[in-house]
Each structure stands twice: as C-alpha cells, then as structure tokens.
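Single-structure report; data block below.
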Amino acid sequence: MRKVLAVILIMCAFASMTYIVSKSIGDYQRNVNKNKYAIGESFYQQKCATCHLTNGEGVQDLYPPLQSSDFLRNDKARIINVLLQGISGHMIVNGKSYNGVMHPVSGTDKELSELLNYIYAQFGNGEYEFTPEEIAVFRELHSNHSSN
Ligand code: HEC
C-alpha cells in the first residue's frame, strides 16, 4: 500500500513539474514573439489601423482587409510596391471589390520590413520574411524608374 502511495506521489510531483516547465517555456515563447514584432506592431497601429483596423479586417467597400488577404498571400513584391508607391483604382481582395486611393507610406527600410513581418505573421498571410535590404532594393528600382 505504501509503495502504491509513493508511486502516486512521485507521479503527481512529476506531472506538476512538467506543467511548470512547459508553462514557463510557453510564457517565454510568447514574450519572444511579442518582442520580435514590437516595432512592426506599433508602426501598424500608428500608420495603418485607422483604415485597415487594429486586427487588419478592413472596412467593407472602403478599405480592403490585410487579414488573410489573397492579394498579400500570392505575391511578396506586390505589398512592397503598395507601401512605396501607394495604390489606387479598382481592385478585388478576397472576392470583394474596392475602388479607393492609398498614399505611399513613409518609413525607414527597417520599419517597413518589420511592419511586413508583423502583417504576414500575425494576420495569417503566410511564412514570408522581409529584410530591410529587400525594401532598399525596391526603393532603388522606383527611384531609377521615376528619374528616367
Ligand atoms: C487613409 C486610409 C489608409 C491607410 C492609413 C492605409 N491604407 Fe492601405 N489601403 C487603403 C485603400 C483605400 C486601399 C485600396 C486601394 C484601391 O482600391 O485601389 C488600400 C489597399 C492596401 C493594400 C492592398 C490590398 C490588400 O488589402 O491586400 C495593402 C497591402 C495595404 N493597403 C496596406 C496598408 C498598410 C501596411 C498600411 C500602413 C502602413 C496602410 N495600408 C495604410 C487605405 C489606407
């Protein structure tokens, strides 16, 4: 009988240890993710959320969604161009039609790449990673283009 009790006690101790360890790993992971996207998130909330809303769902007929947007999922270059050049005219996002104007977004290469990493990772748009160098390449392309 004592042996059985001892085994049960050991199992309980083991279970609670596993629980504590996995909980702190989870907390740690959440903090890492939070810090990883902190710059992108605050940039988004300041510069995009007024129109596309805090969670990226957009506003029907006015502002297309950035949340699970088929426009974003299918093309990595397209969103960089939208940020650097703005976009206007008729477009279809997730089967709904929009016809508005969005101005170019000002920000450093680092801010824009962090912003895009946030939008892709947190709004369910896929696994793309953006770097400041990539943004710089697109900026360069546009500046050559407009000076010709
Ligand atoms: C003043 C309102 C406004 C703000 C602020 C704004 N947008 Fe937009 N955005 C629009 C409109 C309107 C369109 C649709 C343009 C069209 O119909 O051609 C659009 C379209 C887009 C699209 C392409 C369609 C889609 O949903 O995938 C992306 C990507 C986008 N915006 C990202 C952003 C990001 C990122 C920011 C913040 C840096 C931002 N926008 C800030 C109004 C805004």
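So you can find residues: chains in the structure tokens are A, B, ... in the order shown, residues in each start at 1, and ligands are numbered from 1 in order.
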
How close does each residue of chain A get to ligand 1, giving the shortest atom pair and distance in Å to one decimal for every residue with an atom at most 6 Å away, counting only C-alpha atoms and all ligand atoms, sorted by chain and residue number, as CSV?
```
residue,atom,partner,partner_atom_place_in_ligand_line,distance
A:Tyr44,CA,ligand 1,37 (C),5.6
A:Lys47,CA,ligand 1,37 (C),4.6
A:Cys48,CA,ligand 1,37 (C),3.3
A:Thr50,CA,ligand 1,5 (C),5.6
A:Cys51,CA,ligand 1,2 (C),4.4
A:Leu62,CA,ligand 1,12 (C),5.8
A:Tyr63,CA,ligand 1,12 (C),4.8
A:Pro64,CA,ligand 1,26 (O),4.2
A:Pro65,CA,ligand 1,26 (O),4.4
A:Leu66,CA,ligand 1,26 (O),4.6
A:Ser69,CA,ligand 1,27 (O),5.3
A:Phe71,CA,ligand 1,27 (O),4.7
A:Leu72,CA,ligand 1,27 (O),5.1
A:Ile79,CA,ligand 1,29 (C),5.0
A:Ile87,CA,ligand 1,18 (O),5.0
A:Ser88,CA,ligand 1,18 (O),3.4
A:Gly89,CA,ligand 1,18 (O),4.1
A:His90,CA,ligand 1,18 (O),5.2
A:Met91,CA,ligand 1,17 (O),5.4
A:Tyr98,CA,ligand 1,17 (O),4.4
A:Asn99,CA,ligand 1,17 (O),3.6
A:Gly100,CA,ligand 1,17 (O),3.6
A:Val101,CA,ligand 1,12 (C),4.6
A:Met102,CA,ligand 1,10 (C),4.3
A:Val105,CA,ligand 1,38 (C),5.5
```

Item checked: Test item: residues at most 12 Å from Gly107 of chain A, only C-alpha atoms, excluding those fewer than 5 positions along its chain, as number ranges by chain -> A: 39-40, 43-44, 46-47, 83-84, 112-116, 132, 135-136, 139

Output of the above residues as a PDB file, in the first residue's frame, restricted to C-alpha atoms:
```pdb
ATOM      1  CA  ILE A  39       8.336  47.555 -33.882  1.00  0.00           C
ATOM      2  CA  GLY A  40       6.090  46.249 -36.668  1.00  0.00           C
ATOM      3  CA  PHE A  43       4.123  51.032 -36.716  1.00  0.00           C
ATOM      4  CA  TYR A  44       0.994  49.227 -37.919  1.00  0.00           C
ATOM      5  CA  GLN A  46       0.035  54.178 -35.836  1.00  0.00           C
ATOM      6  CA  LYS A  47       0.016  54.181 -39.638  1.00  0.00           C
ATOM      7  CA  LEU A  83       3.836  50.646 -49.478  1.00  0.00           C
ATOM      8  CA  LEU A  84       6.419  52.511 -51.546  1.00  0.00           C
ATOM      9  CA  LEU A 112       8.769  48.762 -43.350  1.00  0.00           C
ATOM     10  CA  SER A 113      10.324  45.281 -43.191  1.00  0.00           C
ATOM     11  CA  GLU A 114       9.314  44.919 -39.527  1.00  0.00           C
ATOM     12  CA  LEU A 115       5.818  46.097 -40.445  1.00  0.00           C
ATOM     13  CA  LEU A 116       5.523  43.482 -43.194  1.00  0.00           C
ATOM     14  CA  PRO A 132      15.460  45.973 -44.780  1.00  0.00           C
ATOM     15  CA  ILE A 135      12.937  47.134 -49.178  1.00  0.00           C
ATOM     16  CA  ALA A 136      16.044  49.109 -50.182  1.00  0.00           C
ATOM     17  CA  ARG A 139      13.166  51.745 -53.304  1.00  0.00           C
TER      18      ARG A 139
END
```

Next item on the list: Quick one: everything within 12 Å of Asp75 of chain A, counting only C-alpha atoms, minus sequence neighbours fewer than 3 positions away in the same chain. Send it as a PyMOL selection string.
Entry: chain A and resi 69-72+78-82+120+125-128

Keeping only N, CA, C and O atoms, take the residues you just selected and write them out as a PDB file, in the first residue's frame.
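So the final result, stored in selection35.pdb, reads:
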```
ATOM      1  N   SER A  69      -5.418  38.094 -46.523  1.00  0.00           N
ATOM      2  CA  SER A  69      -5.727  38.715 -47.812  1.00  0.00           C
ATOM      3  C   SER A  69      -5.115  37.903 -48.958  1.00  0.00           C
ATOM      4  O   SER A  69      -3.926  37.600 -48.935  1.00  0.00           O
ATOM      5  N   ASP A  70      -5.925  37.534 -49.954  1.00  0.00           N
ATOM      6  CA  ASP A  70      -5.361  36.756 -51.070  1.00  0.00           C
ATOM      7  C   ASP A  70      -4.398  37.618 -51.890  1.00  0.00           C
ATOM      8  O   ASP A  70      -3.477  37.126 -52.510  1.00  0.00           O
ATOM      9  N   PHE A  71      -4.587  38.916 -51.849  1.00  0.00           N
ATOM     10  CA  PHE A  71      -3.679  39.858 -52.510  1.00  0.00           C
ATOM     11  C   PHE A  71      -2.274  39.738 -51.912  1.00  0.00           C
ATOM     12  O   PHE A  71      -1.276  39.762 -52.621  1.00  0.00           O
ATOM     13  N   LEU A  72      -2.185  39.611 -50.597  1.00  0.00           N
ATOM     14  CA  LEU A  72      -0.886  39.510 -49.929  1.00  0.00           C
ATOM     15  C   LEU A  72      -0.290  38.122 -50.055  1.00  0.00           C
ATOM     16  O   LEU A  72       0.911  37.963 -50.239  1.00  0.00           O
ATOM     17  N   ARG A  78       4.367  42.563 -54.385  1.00  0.00           N
ATOM     18  CA  ARG A  78       3.245  43.468 -54.580  1.00  0.00           C
ATOM     19  C   ARG A  78       3.043  44.392 -53.370  1.00  0.00           C
ATOM     20  O   ARG A  78       2.836  45.585 -53.515  1.00  0.00           O
ATOM     21  N   ILE A  79       3.149  43.817 -52.180  1.00  0.00           N
ATOM     22  CA  ILE A  79       2.891  44.655 -50.998  1.00  0.00           C
ATOM     23  C   ILE A  79       4.012  45.675 -50.799  1.00  0.00           C
ATOM     24  O   ILE A  79       3.763  46.789 -50.351  1.00  0.00           O
ATOM     25  N   ILE A  80       5.240  45.318 -51.160  1.00  0.00           N
ATOM     26  CA  ILE A  80       6.326  46.301 -51.024  1.00  0.00           C
ATOM     27  C   ILE A  80       6.036  47.485 -51.956  1.00  0.00           C
ATOM     28  O   ILE A  80       6.179  48.641 -51.577  1.00  0.00           O
ATOM     29  N   ASN A  81       5.574  47.159 -53.166  1.00  0.00           N
ATOM     30  CA  ASN A  81       5.227  48.227 -54.105  1.00  0.00           C
ATOM     31  C   ASN A  81       4.067  49.082 -53.606  1.00  0.00           C
ATOM     32  O   ASN A  81       4.056  50.293 -53.785  1.00  0.00           O
ATOM     33  N   VAL A  82       3.070  48.429 -52.979  1.00  0.00           N
ATOM     34  CA  VAL A  82       1.933  49.192 -52.441  1.00  0.00           C
ATOM     35  C   VAL A  82       2.449  50.192 -51.411  1.00  0.00           C
ATOM     36  O   VAL A  82       2.072  51.370 -51.420  1.00  0.00           O
ATOM     37  N   TYR A 120       2.409  39.747 -42.009  1.00  0.00           N
ATOM     38  CA  TYR A 120       2.374  38.369 -42.513  1.00  0.00           C
ATOM     39  C   TYR A 120       2.188  37.362 -41.388  1.00  0.00           C
ATOM     40  O   TYR A 120       1.355  36.469 -41.462  1.00  0.00           O
ATOM     41  N   ASN A 125      -0.981  35.557 -43.145  1.00  0.00           N
ATOM     42  CA  ASN A 125      -0.720  35.717 -44.578  1.00  0.00           C
ATOM     43  C   ASN A 125       0.438  34.881 -45.089  1.00  0.00           C
ATOM     44  O   ASN A 125       0.934  35.116 -46.190  1.00  0.00           O
ATOM     45  N   GLY A 126       0.915  33.937 -44.285  1.00  0.00           N
ATOM     46  CA  GLY A 126       1.970  33.055 -44.782  1.00  0.00           C
ATOM     47  C   GLY A 126       3.310  33.280 -44.106  1.00  0.00           C
ATOM     48  O   GLY A 126       3.439  34.078 -43.192  1.00  0.00           O
ATOM     49  N   GLU A 127       4.298  32.574 -44.621  1.00  0.00           N
ATOM     50  CA  GLU A 127       5.577  32.439 -43.925  1.00  0.00           C
ATOM     51  C   GLU A 127       6.664  33.363 -44.456  1.00  0.00           C
ATOM     52  O   GLU A 127       7.822  33.171 -44.158  1.00  0.00           O
ATOM     53  N   TYR A 128       6.330  34.324 -45.284  1.00  0.00           N
ATOM     54  CA  TYR A 128       7.376  35.177 -45.837  1.00  0.00           C
ATOM     55  C   TYR A 128       8.132  35.934 -44.759  1.00  0.00           C
ATOM     56  O   TYR A 128       7.554  36.360 -43.776  1.00  0.00           O
TER      57      TYR A 128
END
```

Which of chain A counts as helix (DSSP H, G or I) under DSSP, as a tab-separated table (two decimals) with N, CA and C atoms, in the first residue's frame please?
```tsv
chain	number	residue	atom	x	y	z
A	2	ARG	N	1.88	1.25	0.87
A	2	ARG	CA	2.77	2.41	0.94
A	2	ARG	C	3.48	2.67	-0.40
A	3	LYS	N	3.85	1.52	-1.02
A	3	LYS	CA	4.55	1.63	-2.31
A	3	LYS	C	3.67	2.33	-3.35
A	4	VAL	N	2.39	1.89	-3.35
A	4	VAL	CA	1.45	2.48	-4.31
A	4	VAL	C	1.34	3.98	-4.07
A	5	LEU	N	1.20	4.37	-2.80
A	5	LEU	CA	1.10	5.80	-2.47
A	5	LEU	C	2.34	6.55	-2.94
A	6	ALA	N	3.49	5.93	-2.68
A	6	ALA	CA	4.74	6.58	-3.07
A	6	ALA	C	4.79	6.78	-4.58
A	7	VAL	N	4.36	5.77	-5.32
A	7	VAL	CA	4.37	5.89	-6.78
A	7	VAL	C	3.44	7.02	-7.23
A	8	ILE	N	2.24	7.05	-6.59
A	8	ILE	CA	1.28	8.10	-6.96
A	8	ILE	C	1.88	9.49	-6.68
A	9	LEU	N	2.50	9.62	-5.49
A	9	LEU	CA	3.11	10.91	-5.13
A	9	LEU	C	4.17	11.32	-6.14
A	10	ILE	N	5.03	10.36	-6.50
A	10	ILE	CA	6.09	10.68	-7.46
A	10	ILE	C	5.49	11.11	-8.79
A	11	MET	N	4.42	10.39	-9.21
A	11	MET	CA	3.79	10.74	-10.48
A	11	MET	C	3.21	12.15	-10.44
A	12	CYS	N	2.57	12.49	-9.28
A	12	CYS	CA	2.00	13.84	-9.15
A	12	CYS	C	3.10	14.89	-9.23
A	13	ALA	N	4.19	14.63	-8.51
A	13	ALA	CA	5.29	15.59	-8.49
A	13	ALA	C	5.83	15.78	-9.91
A	14	PHE	N	5.96	14.67	-10.61
A	14	PHE	CA	6.50	14.73	-11.96
A	14	PHE	C	5.55	15.53	-12.88
A	15	ALA	N	4.24	15.24	-12.72
A	15	ALA	CA	3.26	15.91	-13.57
A	15	ALA	C	3.29	17.42	-13.32
A	16	SER	N	3.38	17.82	-12.04
A	16	SER	CA	3.34	19.26	-11.80
A	16	SER	C	4.63	19.93	-12.26
A	17	MET	N	5.74	19.21	-12.15
A	17	MET	CA	7.00	19.78	-12.65
A	17	MET	C	6.91	19.99	-14.16
A	18	THR	N	6.39	18.98	-14.85
A	18	THR	CA	6.26	19.09	-16.31
A	18	THR	C	5.38	20.29	-16.65
A	19	TYR	N	4.29	20.44	-15.84
A	19	TYR	CA	3.36	21.54	-16.10
A	19	TYR	C	4.08	22.89	-15.95
A	20	ILE	N	4.82	23.02	-14.82
A	20	ILE	CA	5.50	24.30	-14.56
A	20	ILE	C	6.53	24.60	-15.65
A	21	VAL	N	7.30	23.58	-16.01
A	21	VAL	CA	8.33	23.81	-17.03
A	21	VAL	C	7.69	24.18	-18.37
A	22	SER	N	6.63	23.45	-18.78
A	22	SER	CA	6.07	23.75	-20.10
A	22	SER	C	5.36	25.11	-20.08
A	23	LYS	N	4.80	25.48	-18.92
A	23	LYS	CA	4.15	26.78	-18.84
A	23	LYS	C	5.18	27.90	-18.99
A	24	SER	N	6.34	27.75	-18.31
A	24	SER	CA	7.31	28.84	-18.44
A	24	SER	C	7.94	28.88	-19.83
A	25	ILE	N	8.06	27.72	-20.47
A	25	ILE	CA	8.55	27.75	-21.86
A	25	ILE	C	7.54	28.51	-22.74
A	26	GLY	N	6.24	28.23	-22.50
A	26	GLY	CA	5.18	28.91	-23.26
A	26	GLY	C	5.22	30.42	-23.04
A	27	ASP	N	5.37	30.85	-21.78
A	27	ASP	CA	5.44	32.29	-21.47
A	27	ASP	C	6.64	32.91	-22.17
A	28	TYR	N	7.76	32.19	-22.10
A	28	TYR	CA	8.99	32.70	-22.70
A	28	TYR	C	8.77	32.88	-24.20
A	29	GLN	N	8.19	31.85	-24.86
A	29	GLN	CA	7.95	31.90	-26.30
A	29	GLN	C	7.05	33.07	-26.66
A	30	ARG	N	6.00	33.27	-25.85
A	30	ARG	CA	5.08	34.37	-26.13
A	30	ARG	C	5.80	35.72	-26.05
A	31	ASN	N	6.68	35.87	-25.03
A	31	ASN	CA	7.43	37.11	-24.90
A	31	ASN	C	8.36	37.33	-26.06
A	32	VAL	N	9.03	36.24	-26.50
A	32	VAL	CA	9.93	36.36	-27.64
A	32	VAL	C	9.15	36.85	-28.85
A	33	ASN	N	7.98	36.21	-29.11
A	33	ASN	CA	7.17	36.62	-30.26
A	33	ASN	C	6.73	38.06	-30.14
A	34	LYS	N	6.33	38.46	-28.94
A	34	LYS	CA	5.86	39.82	-28.72
A	34	LYS	C	6.96	40.81	-29.05
A	35	ASN	N	8.17	40.54	-28.53
A	35	ASN	CA	9.29	41.44	-28.79
A	35	ASN	C	9.68	41.42	-30.26
A	36	LYS	N	9.61	40.23	-30.86
A	36	LYS	CA	10.00	40.09	-32.26
A	36	LYS	C	9.19	41.03	-33.15
A	38	ALA	N	7.40	43.77	-32.03
A	38	ALA	CA	7.01	45.01	-31.33
A	38	ALA	C	7.08	46.24	-32.24
A	39	ILE	N	8.18	46.37	-33.01
A	39	ILE	CA	8.34	47.55	-33.88
A	39	ILE	C	7.26	47.54	-34.96
A	40	GLY	N	7.08	46.37	-35.60
A	40	GLY	CA	6.09	46.25	-36.67
A	40	GLY	C	4.68	46.53	-36.16
A	41	GLU	N	4.39	46.04	-34.97
A	41	GLU	CA	3.05	46.22	-34.43
A	41	GLU	C	2.78	47.70	-34.14
A	42	SER	N	3.74	48.39	-33.52
A	42	SER	CA	3.44	49.77	-33.17
A	42	SER	C	3.37	50.63	-34.44
A	43	PHE	N	4.20	50.31	-35.44
A	43	PHE	CA	4.12	51.03	-36.72
A	43	PHE	C	2.74	50.81	-37.34
A	44	TYR	N	2.31	49.55	-37.34
A	44	TYR	CA	0.99	49.23	-37.92
A	44	TYR	C	-0.12	50.01	-37.22
A	45	GLN	N	-0.08	49.98	-35.88
A	45	GLN	CA	-1.16	50.62	-35.14
A	45	GLN	C	-1.19	52.13	-35.38
A	46	GLN	N	-0.01	52.73	-35.59
A	46	GLN	CA	0.04	54.18	-35.84
A	46	GLN	C	-0.33	54.55	-37.26
A	47	LYS	N	0.12	53.73	-38.24
A	47	LYS	CA	0.02	54.18	-39.64
A	47	LYS	C	-1.01	53.45	-40.47
A	49	ALA	N	-3.80	51.22	-38.92
A	49	ALA	CA	-5.01	50.75	-38.25
A	49	ALA	C	-6.20	51.70	-38.43
A	50	THR	N	-5.93	53.00	-38.68
A	50	THR	CA	-7.05	53.93	-38.89
A	50	THR	C	-7.95	53.45	-40.02
A	51	CYS	N	-7.35	52.94	-41.07
A	51	CYS	CA	-8.17	52.49	-42.20
A	51	CYS	C	-8.39	50.97	-42.18
A	52	HIS	N	-7.31	50.22	-42.02
A	52	HIS	CA	-7.44	48.75	-42.14
A	52	HIS	C	-7.86	48.09	-40.82
A	70	ASP	N	-5.93	37.53	-49.95
A	70	ASP	CA	-5.36	36.76	-51.07
A	70	ASP	C	-4.40	37.62	-51.89
A	71	PHE	N	-4.59	38.92	-51.85
A	71	PHE	CA	-3.68	39.86	-52.51
A	71	PHE	C	-2.27	39.74	-51.91
A	72	LEU	N	-2.19	39.61	-50.60
A	72	LEU	CA	-0.89	39.51	-49.93
A	72	LEU	C	-0.29	38.12	-50.06
A	73	ARG	N	-1.13	37.12	-49.93
A	73	ARG	CA	-0.64	35.75	-49.89
A	73	ARG	C	0.02	35.35	-51.21
A	76	LYS	N	4.77	38.52	-52.86
A	76	LYS	CA	5.56	39.23	-51.87
A	76	LYS	C	5.96	40.62	-52.35
A	77	ALA	N	6.25	40.74	-53.65
A	77	ALA	CA	6.71	42.02	-54.20
A	77	ALA	C	5.58	43.05	-54.21
A	78	ARG	N	4.37	42.56	-54.38
A	78	ARG	CA	3.25	43.47	-54.58
A	78	ARG	C	3.04	44.39	-53.37
A	79	ILE	N	3.15	43.82	-52.18
A	79	ILE	CA	2.89	44.66	-51.00
A	79	ILE	C	4.01	45.68	-50.80
A	80	ILE	N	5.24	45.32	-51.16
A	80	ILE	CA	6.33	46.30	-51.02
A	80	ILE	C	6.04	47.49	-51.96
A	81	ASN	N	5.57	47.16	-53.17
A	81	ASN	CA	5.23	48.23	-54.10
A	81	ASN	C	4.07	49.08	-53.61
A	82	VAL	N	3.07	48.43	-52.98
A	82	VAL	CA	1.93	49.19	-52.44
A	82	VAL	C	2.45	50.19	-51.41
A	83	LEU	N	3.34	49.76	-50.53
A	83	LEU	CA	3.84	50.65	-49.48
A	83	LEU	C	4.63	51.80	-50.07
A	84	LEU	N	5.51	51.48	-51.04
A	84	LEU	CA	6.42	52.51	-51.55
A	84	LEU	C	5.74	53.46	-52.53
A	85	GLN	N	4.73	52.94	-53.25
A	85	GLN	CA	4.13	53.76	-54.31
A	85	GLN	C	2.68	54.11	-54.08
A	109	ASP	N	13.63	51.65	-44.12
A	109	ASP	CA	13.63	50.27	-44.64
A	109	ASP	C	13.38	49.28	-43.50
A	110	LYS	N	14.00	49.57	-42.37
A	110	LYS	CA	13.85	48.69	-41.21
A	110	LYS	C	12.39	48.69	-40.72
A	111	GLU	N	11.80	49.87	-40.60
A	111	GLU	CA	10.40	49.96	-40.14
A	111	GLU	C	9.46	49.22	-41.07
A	112	LEU	N	9.67	49.41	-42.39
A	112	LEU	CA	8.77	48.76	-43.35
A	112	LEU	C	8.93	47.25	-43.34
A	113	SER	N	10.17	46.75	-43.21
A	113	SER	CA	10.32	45.28	-43.19
A	113	SER	C	9.73	44.70	-41.90
A	114	GLU	N	9.91	45.39	-40.79
A	114	GLU	CA	9.31	44.92	-39.53
A	114	GLU	C	7.79	44.93	-39.63
A	115	LEU	N	7.27	45.98	-40.26
A	115	LEU	CA	5.82	46.10	-40.45
A	115	LEU	C	5.29	44.91	-41.25
A	116	LEU	N	5.98	44.58	-42.35
A	116	LEU	CA	5.52	43.48	-43.19
A	116	LEU	C	5.64	42.15	-42.47
A	117	ASN	N	6.70	41.95	-41.70
A	117	ASN	CA	6.82	40.70	-40.95
A	117	ASN	C	5.67	40.56	-39.96
A	118	TYR	N	5.29	41.67	-39.35
A	118	TYR	CA	4.16	41.66	-38.41
A	118	TYR	C	2.87	41.29	-39.15
A	119	ILE	N	2.63	41.96	-40.28
A	119	ILE	CA	1.38	41.73	-41.02
A	119	ILE	C	1.29	40.27	-41.51
A	120	TYR	N	2.41	39.75	-42.01
A	120	TYR	CA	2.37	38.37	-42.51
A	120	TYR	C	2.19	37.36	-41.39
A	121	ALA	N	2.98	37.53	-40.31
A	121	ALA	CA	2.92	36.52	-39.25
A	121	ALA	C	1.63	36.60	-38.43
A	122	GLN	N	1.18	37.82	-38.12
A	122	GLN	CA	0.07	37.94	-37.18
A	122	GLN	C	-1.30	37.96	-37.85
A	132	PRO	N	15.28	44.57	-44.38
A	132	PRO	CA	15.46	45.97	-44.78
A	132	PRO	C	16.15	46.06	-46.14
A	133	GLU	N	17.06	45.12	-46.44
A	133	GLU	CA	17.80	45.15	-47.71
A	133	GLU	C	16.83	45.00	-48.89
A	134	GLU	N	15.83	44.12	-48.72
A	134	GLU	CA	14.86	43.93	-49.81
A	134	GLU	C	14.08	45.22	-50.07
A	135	ILE	N	13.68	45.88	-49.00
A	135	ILE	CA	12.94	47.13	-49.18
A	135	ILE	C	13.82	48.14	-49.92
A	136	ALA	N	15.11	48.17	-49.54
A	136	ALA	CA	16.04	49.11	-50.18
A	136	ALA	C	16.14	48.85	-51.68
A	137	VAL	N	16.16	47.57	-52.07
A	137	VAL	CA	16.25	47.23	-53.50
A	137	VAL	C	15.04	47.80	-54.26
A	138	PHE	N	13.85	47.63	-53.69
A	138	PHE	CA	12.64	48.13	-54.36
A	138	PHE	C	12.64	49.66	-54.42
A	139	ARG	N	13.10	50.29	-53.34
A	139	ARG	CA	13.17	51.75	-53.30
A	139	ARG	C	14.07	52.25	-54.44
A	140	GLU	N	15.21	51.58	-54.58
A	140	GLU	CA	16.18	51.92	-55.61
A	140	GLU	C	15.55	51.78	-57.00
A	141	LEU	N	14.85	50.66	-57.23
A	141	LEU	CA	14.19	50.43	-58.52
A	141	LEU	C	13.25	51.57	-58.86
A	142	HIS	N	12.46	51.98	-57.86
A	142	HIS	CA	11.48	53.04	-58.12
A	142	HIS	C	12.16	54.37	-58.37
A	143	SER	N	13.25	54.64	-57.64
A	143	SER	CA	13.87	55.95	-57.83
A	143	SER	C	14.53	56.02	-59.21
A	144	ASN	N	15.13	54.90	-59.69
A	144	ASN	CA	15.67	54.89	-61.05
A	144	ASN	C	14.58	55.12	-62.07
A	145	HIS	N	13.46	54.40	-61.81
A	145	HIS	CA	12.34	54.44	-62.72
A	145	HIS	C	11.80	55.87	-62.87
A	146	SER	N	11.64	56.57	-61.72
A	146	SER	CA	10.99	57.87	-61.81
A	146	SER	C	11.94	58.95	-62.34
A	147	SER	N	13.28	58.70	-62.23
A	147	SER	CA	14.19	59.75	-62.73
A	147	SER	C	14.41	59.63	-64.24
```

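Considering only C-alpha atoms, the residue among A:Thr108, A:Val93, A:Thr131, A:His103 positioned nearest to Gly58 of chain A is A:Val93.
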
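Secondary structure from DSSP on the backbone puts strand (DSSP E or B) at the following positions of chain A: Val59, Tyr63, Ile87, Ser88, Gly89, His90, Met91, Ile92, Val93, Lys96, Ser97, Tyr98, Asn99, Gly100, Val101 and Met102 of chain A.
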
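Taking only C-alpha atoms into account, Gly124 of chain A lies nearest to A:Ser68 out of the set A:Ile92, A:Leu53, A:Ser68, A:Asp61.
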